[in-house]
Amino acid sequence: MLGRYVVATLLSLKLLIASPLYAQAGGSSAHITIDPTHTFQTIQGFGANFTGPYFRPDMKHMFEMLMKDEGVTMFRVVPYFVFSNWEQTNPNNGPNDWNWEYYDNRYSNPVFEATWKALRFLNARGIQPVIGLMGEPPVWMTSSKLQPPPGRACNENLPPDQQMHLSPAMYRAFAKEVVSMAVYARTVAHVDFQYFSPFNETDCYPHEGPRIDPDEAPKVLDAIAHLLTQQGLGDVRLVVADQAIVTNNYIGPILQDPGLMKQVGFCARIWRKAHSRLLSGW
């Protein structure tokens with residue numbers, strides 16, 4: 001069941017550093033010994049993250065430098081910032097209705113068009129980017145009747161009505177919103193992608209993402225995975241759970257869902273303090 005791995009590669013570094021007092025007294029310097037025969041893990045590539053709406057033609061040279069000079073081969077691209085701007089009201093007439101007239105109009109606006117151009121630019125250079133979504137959900141998908149979060153949150157004292165908690169009754173509606181964008185990206189914008197991150201930092205609500213607690217994440221992702229397959233995107237693999245606080249146990253409940261795990265490509269954790277990202281393949 002193991003697939004591809006994206007992990008950091010490290011050579012064995014042995015640091016022999018003299019104590020500060022000794023260094024000041026005797027003028028000693030630090031020594032670094034590299035043992036190239038001792039390998040821990042392998043690198044698949046270095047990555048970068050950017051927000052697609054800012055992409056402009058005069059930025060292509062910068063991206064070329066990232067790829068050629070820095071060796072960046074992996075990109076996570078955020079097409080839009082706020083879910084609530086997509087569907088301020090429910091555009092569908094029922095759970096099985098897909099209002100493609102509405103979606104086609106939404107995803108062809110200038111903000112999304114800039115992202116599609118950025119993604120196709122990467123495709124032309126042989127890169128399949130990760131499409132990652134972030135931002136607040138529409139108000140009509142949320143509920144303020146909720147318990148305190150089971151773990152830590154970025155905004156510990158935020159009132160319930162400001163947490164933008166994704167209501168369990170709206171999991172399918174939320175899934176339809178994000179999957180409609182993925183379908184448009186593949187079939188209309190002609191973007192070649194394999195990995196999809198449908199929400200971001202759900203423990204750093206509301207601006208980074210809707211509040212989705214660890215035990216709720218598998219249920220939301222199940223709804224998304226089901227609709228991806230239903231809409232002909234069963235080959236797309238999910239990147240989960242993009243949490244902000246590494247000690248919150250989002251990954252555990254996801255691992256316990258064998259059906260969901262068939263569509264999980266990577267588990268990702270954002271280390272907010274270090275501003276870094278860890279990807280682990282399955």
# chains A, B, ... in the order shown; residues from 1 in each chain; ligands from 1

$ residues_around --residues "stretch 113-118 of chain A" --least-positions-apart "6" --cutoff "6 Å" --atoms "only C-alpha atoms" --output "ChimeraX atom specification"
/A:52-53,55,79

$ closest_residue --among "A:Glu64, A:Asn49, A:Phe40, A:Ala173" --to "A:Thr89" --atoms "only C-alpha atoms"
A:Ala173

$ closest_atom_pairs --of "stretch 36-112 of chain A" --to "stretch 208-215 of chain A" --cutoff "9 Å" --atoms "only C-alpha atoms" --output "JSON lines"
{"residue": "A:Phe81", "atom": "CA", "partner": "A:Glu208", "partner_atom": "CA", "distance": 8.4}
{"residue": "A:Val82", "atom": "CA", "partner": "A:Gly209", "partner_atom": "CA", "distance": 8.3}
{"residue": "A:Phe83", "atom": "CA", "partner": "A:Gly209", "partner_atom": "CA", "distance": 8.7}

$ closest_residue --among "A:Phe196, A:Tyr80, A:Phe50, A:Trp86" --to "A:Asp104" --atoms "only C-alpha atoms"
A:Trp86

$ closest_atom_pairs --of "stretch 184-218 of chain A" --to "stretch 232-251 of chain A" --cutoff "7 Å" --atoms "only C-alpha atoms" --output "JSON lines"
{"residue": "A:Gln194", "atom": "CA", "partner": "A:Val236", "partner_atom": "CA", "distance": 4.9}
{"residue": "A:Tyr195", "atom": "CA", "partner": "A:Arg237", "partner_atom": "CA", "distance": 4.9}
{"residue": "A:Phe196", "atom": "CA", "partner": "A:Leu238", "partner_atom": "CA", "distance": 5.0}
{"residue": "A:Ser197", "atom": "CA", "partner": "A:Val239", "partner_atom": "CA", "distance": 4.7}
{"residue": "A:Asn200", "atom": "CA", "partner": "A:Asp242", "partner_atom": "CA", "distance": 5.3}
{"residue": "A:Glu201", "atom": "CA", "partner": "A:Gln243", "partner_atom": "CA", "distance": 4.3}
{"residue": "A:Thr202", "atom": "CA", "partner": "A:Gln243", "partner_atom": "CA", "distance": 6.1}
{"residue": "A:Asp203", "atom": "CA", "partner": "A:Ala244", "partner_atom": "CA", "distance": 6.1}
{"residue": "A:Cys204", "atom": "CA", "partner": "A:Ala244", "partner_atom": "CA", "distance": 6.1}
{"residue": "A:Pro214", "atom": "CA", "partner": "A:Tyr250", "partner_atom": "CA", "distance": 4.4}

$ atom_distance --atom1 "atom CA of A:Met181" --atom2 "atom CA of A:Gly45"
26.9 Å

$ select_by_dssp --residues "stretch 62-230 of chain A" --states "alpha helix (DSSP H)" --output "ChimeraX atom specification"
/A:62-68,100-107,110-124,171-187,217-230

$ closest_residue --among "A:Lys68, A:His226, A:Lys145, A:Lys60" --to "A:Ser167" --atoms "only C-alpha atoms"
A:Lys145

$ select_by_dssp --residues "stretch 173-242 of chain A" --states "strand (DSSP E or B)" --output "PyMOL selection string"
chain A and resi 195-197+211+237-242

$ closest_residue --among "A:Gly135, A:Tyr205, A:Gln147, A:Phe193" --to "A:Gln162" --atoms "only C-alpha atoms"
A:Tyr205

$ closest_residue --among "A:Tyr184, A:Phe46, A:Trp98, A:Tyr54" --to "A:Arg172" --atoms "only C-alpha atoms"
A:Trp98
